[in-house]
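Visitor: Contents of structure.cif (mmCIF, C-alpha atoms) are below:
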data_protein
#
loop_
_atom_site.group_PDB
_atom_site.id
_atom_site.type_symbol
_atom_site.label_atom_id
_atom_site.label_comp_id
_atom_site.auth_asym_id
_atom_site.auth_seq_id
_atom_site.Cartn_x
_atom_site.Cartn_y
_atom_site.Cartn_z
ATOM 1 C CA MET A 43 66.374 106.639 95.081
ATOM 2 C CA SER A 44 63.712 106.251 92.445
ATOM 3 C CA ARG A 45 61.323 103.339 92.504
ATOM 4 C CA SER A 46 62.881 101.913 89.312
ATOM 5 C CA ALA A 47 66.301 101.695 90.979
ATOM 6 C CA ARG A 48 65.093 99.400 93.765
ATOM 7 C CA PRO A 49 66.871 96.048 94.115
ATOM 8 C CA GLY A 50 65.469 93.554 91.658
ATOM 9 C CA MET A 51 63.781 96.039 89.334
ATOM 10 C CA ASP A 52 66.513 96.047 86.686
ATOM 11 C CA PHE A 53 67.584 92.407 86.485
ATOM 12 C CA GLU A 54 67.486 92.217 82.670
ATOM 13 C CA GLU A 55 69.837 95.179 82.274
ATOM 14 C CA ALA A 56 72.085 94.426 85.245
ATOM 15 C CA SER A 57 75.753 93.526 85.068
ATOM 16 C CA THR A 58 76.750 89.949 85.806
ATOM 17 C CA GLY A 59 77.901 90.884 89.305
ATOM 18 C CA ARG A 60 74.625 92.631 90.048
ATOM 19 C CA ARG A 61 72.654 89.664 88.687
ATOM 20 C CA ILE A 62 74.522 87.394 91.069
ATOM 21 C CA ALA A 63 73.789 89.797 93.943
ATOM 22 C CA LEU A 64 70.092 89.923 93.026
ATOM 23 C CA THR A 65 69.927 86.134 92.817
ATOM 24 C CA ALA A 66 71.577 85.975 96.234
ATOM 25 C CA ARG A 67 68.914 88.414 97.452
ATOM 26 C CA PHE A 68 66.181 86.023 96.366
ATOM 27 C CA LEU A 69 67.918 83.129 98.117
ATOM 28 C CA LEU A 70 68.270 85.268 101.250
ATOM 29 C CA GLU A 71 64.534 85.978 101.157
ATOM 30 C CA LEU A 72 63.889 82.235 101.106
ATOM 31 C CA ALA A 73 66.401 81.718 103.931
ATOM 32 C CA LEU A 74 64.642 84.419 105.968
ATOM 33 C CA LEU A 75 61.313 82.630 105.572
ATOM 34 C CA ALA A 76 62.934 79.313 106.499
ATOM 35 C CA GLY A 77 64.545 80.919 109.553
ATOM 36 C CA VAL A 78 61.212 82.382 110.637
ATOM 37 C CA GLY A 79 59.622 78.962 110.271
ATOM 38 C CA VAL A 80 62.325 77.253 112.315
ATOM 39 C CA LEU A 81 62.123 79.926 114.996
ATOM 40 C CA ALA A 82 58.328 79.714 115.176
ATOM 41 C CA GLY A 83 58.554 75.936 115.376
ATOM 42 C CA ARG A 84 61.005 76.120 118.264
ATOM 43 C CA LEU A 85 58.913 78.651 120.202
ATOM 44 C CA ALA A 86 55.415 77.314 119.546
ATOM 45 C CA PRO A 87 53.506 75.483 122.254
ATOM 46 C CA ALA A 88 53.105 71.740 121.743
ATOM 47 C CA GLY A 89 50.250 70.866 119.445
ATOM 48 C CA THR A 90 50.275 74.237 117.662
ATOM 49 C CA VAL A 91 53.642 74.078 115.940
ATOM 50 C CA TRP A 92 52.340 73.992 112.364
ATOM 51 C CA LEU A 93 49.865 76.783 113.047
ATOM 52 C CA PHE A 94 52.656 79.002 114.391
ATOM 53 C CA VAL A 95 55.072 78.079 111.597
ATOM 54 C CA ILE A 96 52.565 78.811 108.832
ATOM 55 C CA GLY A 97 51.375 81.994 110.531
ATOM 56 C CA ALA A 98 54.881 83.357 111.075
ATOM 57 C CA VAL A 99 55.996 82.599 107.520
ATOM 58 C CA LEU A 100 52.831 84.176 106.101
ATOM 59 C CA ALA A 101 53.258 87.271 108.289
ATOM 60 C CA VAL A 102 56.884 87.858 107.268
ATOM 61 C CA GLY A 103 56.123 87.025 103.645
ATOM 62 C CA THR A 104 53.282 89.534 103.647
ATOM 63 C CA VAL A 105 55.524 92.270 105.047
ATOM 64 C CA TRP A 106 58.113 91.460 102.387
ATOM 65 C CA VAL A 107 55.595 91.515 99.528
ATOM 66 C CA LEU A 108 53.906 94.727 100.680
ATOM 67 C CA LEU A 109 57.014 96.725 101.562
ATOM 68 C CA LEU A 110 60.222 95.168 100.228
ATOM 69 C CA SER A 111 59.544 93.288 97.002
ATOM 70 C CA PRO A 112 60.455 94.892 93.663
ATOM 71 C CA LYS A 113 56.775 95.427 92.857
ATOM 72 C CA ALA A 114 55.670 96.358 96.376
ATOM 73 C CA PRO A 115 52.415 98.328 96.372
ATOM 74 C CA TYR A 116 53.718 100.643 99.114
ATOM 75 C CA ASP A 117 56.807 102.755 98.452
ATOM 76 C CA ILE A 118 58.141 103.577 101.900
ATOM 77 C CA GLY A 119 61.479 104.995 100.741
ATOM 78 C CA GLU A 120 64.919 103.440 100.700
ATOM 79 C CA THR A 121 65.823 104.247 104.294
ATOM 80 C CA ALA A 122 62.630 102.720 105.663
ATOM 81 C CA ARG A 123 63.007 99.716 103.343
ATOM 82 C CA PHE A 124 66.516 99.130 104.667
ATOM 83 C CA LEU A 125 65.347 99.476 108.278
ATOM 84 C CA VAL A 126 62.463 97.015 107.785
ATOM 85 C CA GLU A 127 64.826 94.545 106.125
ATOM 86 C CA LEU A 128 67.377 95.026 108.920
ATOM 87 C CA LEU A 129 64.661 94.493 111.533
ATOM 88 C CA LEU A 130 63.531 91.253 109.871
ATOM 89 C CA PHE A 131 67.005 89.751 109.420
ATOM 90 C CA ALA A 132 68.318 90.932 112.799
ATOM 91 C CA GLY A 133 65.149 89.803 114.559
ATOM 92 C CA VAL A 134 65.297 86.326 113.085
ATOM 93 C CA GLY A 135 69.036 86.162 113.767
ATOM 94 C CA ILE A 136 68.591 87.158 117.408
ATOM 95 C CA GLY A 137 65.713 84.723 117.779
ATOM 96 C CA LEU A 138 67.670 81.842 116.260
ATOM 97 C CA PHE A 139 70.619 82.666 118.489
ATOM 98 C CA ALA A 140 68.331 82.671 121.534
ATOM 99 C CA VAL A 141 66.969 79.189 120.755
ATOM 100 C CA GLY A 142 70.438 77.698 120.396
ATOM 101 C CA LEU A 143 71.057 78.088 116.672
ATOM 102 C CA GLY A 144 73.837 80.644 117.002
ATOM 103 C CA VAL A 145 75.949 79.450 114.090
ATOM 104 C CA ALA A 146 73.020 79.643 111.677
ATOM 105 C CA ALA A 147 72.072 83.057 113.075
ATOM 106 C CA VAL A 148 75.557 84.535 112.667
ATOM 107 C CA ILE A 149 76.066 83.054 109.201
ATOM 108 C CA GLY A 150 72.652 84.230 108.006
ATOM 109 C CA PHE A 151 73.111 87.767 109.266
ATOM 110 C CA ALA A 152 76.685 87.990 107.954
ATOM 111 C CA VAL A 153 75.623 86.802 104.495
ATOM 112 C CA TRP A 154 72.775 89.332 104.492
ATOM 113 C CA ALA A 155 75.142 92.175 105.512
ATOM 114 C CA GLY A 156 77.661 91.161 102.843
ATOM 115 C CA HIS A 157 74.897 91.056 100.289
ATOM 116 C CA ARG A 158 73.751 94.591 101.179
ATOM 117 C CA ILE A 159 77.312 95.835 100.784
ATOM 118 C CA ALA A 160 77.596 94.077 97.411
ATOM 119 C CA LEU A 161 74.409 95.756 96.194
ATOM 120 C CA LEU A 162 75.779 99.157 97.149
ATOM 121 C CA VAL A 163 79.074 98.503 95.359
ATOM 122 C CA LEU A 164 77.408 97.060 92.233
ATOM 123 C CA ARG A 165 74.929 99.881 91.605
#
Would you write the structure of this file as structure tokens?
Guide:
Amino acid sequence: MSRSARPGMDFEEASTGRRIALTARFLLELALLAGVGVLAGRLAPAGTVWLFVIGAVLAVGTVWVLLLSPKAPYDIGETARFLVELLLFAGVGIGLFAVGLGVAAVIGFAVWAGHRIALLVLR
């Protein structure tokens, strides 16, 4: 897939359904960062919670900006992009499930999977 066909690159010319899917993608990115923050907060040692939360959110945000965002400076290819995204969402989902937030984990991962399917259908 060409770089210009990456999710989010063609918002102005997209159909209404694709615009909705791309908006959902942005909201999922925010939910991923929130999930990472919650997970880091649950796993951090006492007294270092905010340090771990900020660090985890910055780390995941940096990966997203460098590899997955529409204007990412590194083009790693669609397959690798999908695998990185899958690793992030599945990792956060598994982590949230492990700390007792199973409902949030399942809902978040299911919404992400549905969103990926919608993007494929709405190309």
Visitor: Expressed in Å to a single decimal, how great is the separation between CA of Ser111 (chain A) and CA of Trp92 (chain A)?
Guide: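 So the two atoms, CA of Ser111 (chain A) and CA of Trp92 (chain A), lie 25.7 Å apart.
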Visitor: Select, from A:Val107, A:Arg67, A:Leu74, A:Val80, the residue with the minimum atom-to-atom distance to Val95 (chain A), counting all atoms listed in the file.
Guide: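 Using all atoms listed in the file, Val95 (chain A) sits closest to A:Val80.
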Visitor: Nearest residue to Ala152 (chain A) out of A:Ala132, A:Leu164, A:Leu109, A:Ala82, using all atoms listed in the file?
Guide: A:Ala132
Visitor: Do a neighbour search on Leu72 (chain A) at 12 Å with only C-alpha atoms, toss out local chain neighbours closer than 2 positions, and write the hits as a PyMOL selection string.
Guide: chain A and resi 65-70+74-79+99+102-103+106+131+150+154
Visitor: So how many Å separate CA of Ala147 (chain A) and CA of Ile62 (chain A), to one decimal?
Guide: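 Between these atoms lies a distance of 22.6 Å.
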Visitor: CA of Arg61 (chain A) to CA of Leu130 (chain A): how many Å, to one decimal?
Guide: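 One can read the CA of Arg61 (chain A) to CA of Leu130 (chain A) distance as 23.1 Å.
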Visitor: Report the residues retrieved by the PyMOL selection byres ((chain A and resi 110) around 10) from the displayed file, expressed as a PDB file with C-alpha atoms, keeping the file's coordinate frame.
Guide:
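The new file expr.pdb reads:
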ATOM      1  CA  ARG A  48      65.093  99.400  93.765  1.00  0.00           C
ATOM      2  CA  PRO A  49      66.871  96.048  94.115  1.00  0.00           C
ATOM      3  CA  GLY A 103      56.123  87.025 103.645  1.00  0.00           C
ATOM      4  CA  THR A 104      53.282  89.534 103.647  1.00  0.00           C
ATOM      5  CA  VAL A 105      55.524  92.270 105.047  1.00  0.00           C
ATOM      6  CA  TRP A 106      58.113  91.460 102.387  1.00  0.00           C
ATOM      7  CA  VAL A 107      55.595  91.515  99.528  1.00  0.00           C
ATOM      8  CA  LEU A 108      53.906  94.727 100.680  1.00  0.00           C
ATOM      9  CA  LEU A 109      57.014  96.725 101.562  1.00  0.00           C
ATOM     10  CA  SER A 111      59.544  93.288  97.002  1.00  0.00           C
ATOM     11  CA  PRO A 112      60.455  94.892  93.663  1.00  0.00           C
ATOM     12  CA  LYS A 113      56.775  95.427  92.857  1.00  0.00           C
ATOM     13  CA  ALA A 114      55.670  96.358  96.376  1.00  0.00           C
ATOM     14  CA  PRO A 115      52.415  98.328  96.372  1.00  0.00           C
ATOM     15  CA  TYR A 116      53.718 100.643  99.114  1.00  0.00           C
ATOM     16  CA  ASP A 117      56.807 102.755  98.452  1.00  0.00           C
ATOM     17  CA  ILE A 118      58.141 103.577 101.900  1.00  0.00           C
ATOM     18  CA  GLY A 119      61.479 104.995 100.741  1.00  0.00           C
ATOM     19  CA  GLU A 120      64.919 103.440 100.700  1.00  0.00           C
ATOM     20  CA  ALA A 122      62.630 102.720 105.663  1.00  0.00           C
ATOM     21  CA  ARG A 123      63.007  99.716 103.343  1.00  0.00           C
ATOM     22  CA  PHE A 124      66.516  99.130 104.667  1.00  0.00           C
ATOM     23  CA  VAL A 126      62.463  97.015 107.785  1.00  0.00           C
ATOM     24  CA  GLU A 127      64.826  94.545 106.125  1.00  0.00           C
TER      25      GLU A 127
END
Visitor: Counting only C-alpha atoms, which of A:Leu100, A:Leu93, A:Val141, A:Ile159 gets nearest to Arg60 (chain A)?
Guide: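 Closest to Arg60 (chain A), using only C-alpha atoms: A:Ile159.
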Visitor: Draw an axis-aligned box tight on the listed atoms of region 56-73 of chain A, then pad every side by 6 Å and write out centre and edge lengths in Å to one decimal as lines of an AutoDock Vina configuration file.
Guide:
center_x = 70.9
center_y = 88.1
center_z = 94.5
size_x = 26.0
size_y = 24.7
size_z = 30.9
Visitor: Using only C-alpha atoms, which residues sit within 7 Å of Ala63 (chain A) once same-chain residues fewer than 4 positions away are excluded, as a tab-separated table (two decimals) with C-alpha atoms, in the frame of the given file?
Guide:
chain	number	residue	atom	x	y	z
A	59	GLY	CA	77.90	90.88	89.30
A	67	ARG	CA	68.91	88.41	97.45
A	157	HIS	CA	74.90	91.06	100.29
A	160	ALA	CA	77.60	94.08	97.41
A	161	LEU	CA	74.41	95.76	96.19
Visitor: May I ask which of the residues A:Val163, A:Leu125, A:Leu85, A:Ile96 is the closest one to Leu138 (chain A), counting only C-alpha atoms?
Guide: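 Among A:Val163, A:Leu125, A:Leu85, A:Ile96, it is A:Leu85 that comes nearest to Leu138 (chain A).
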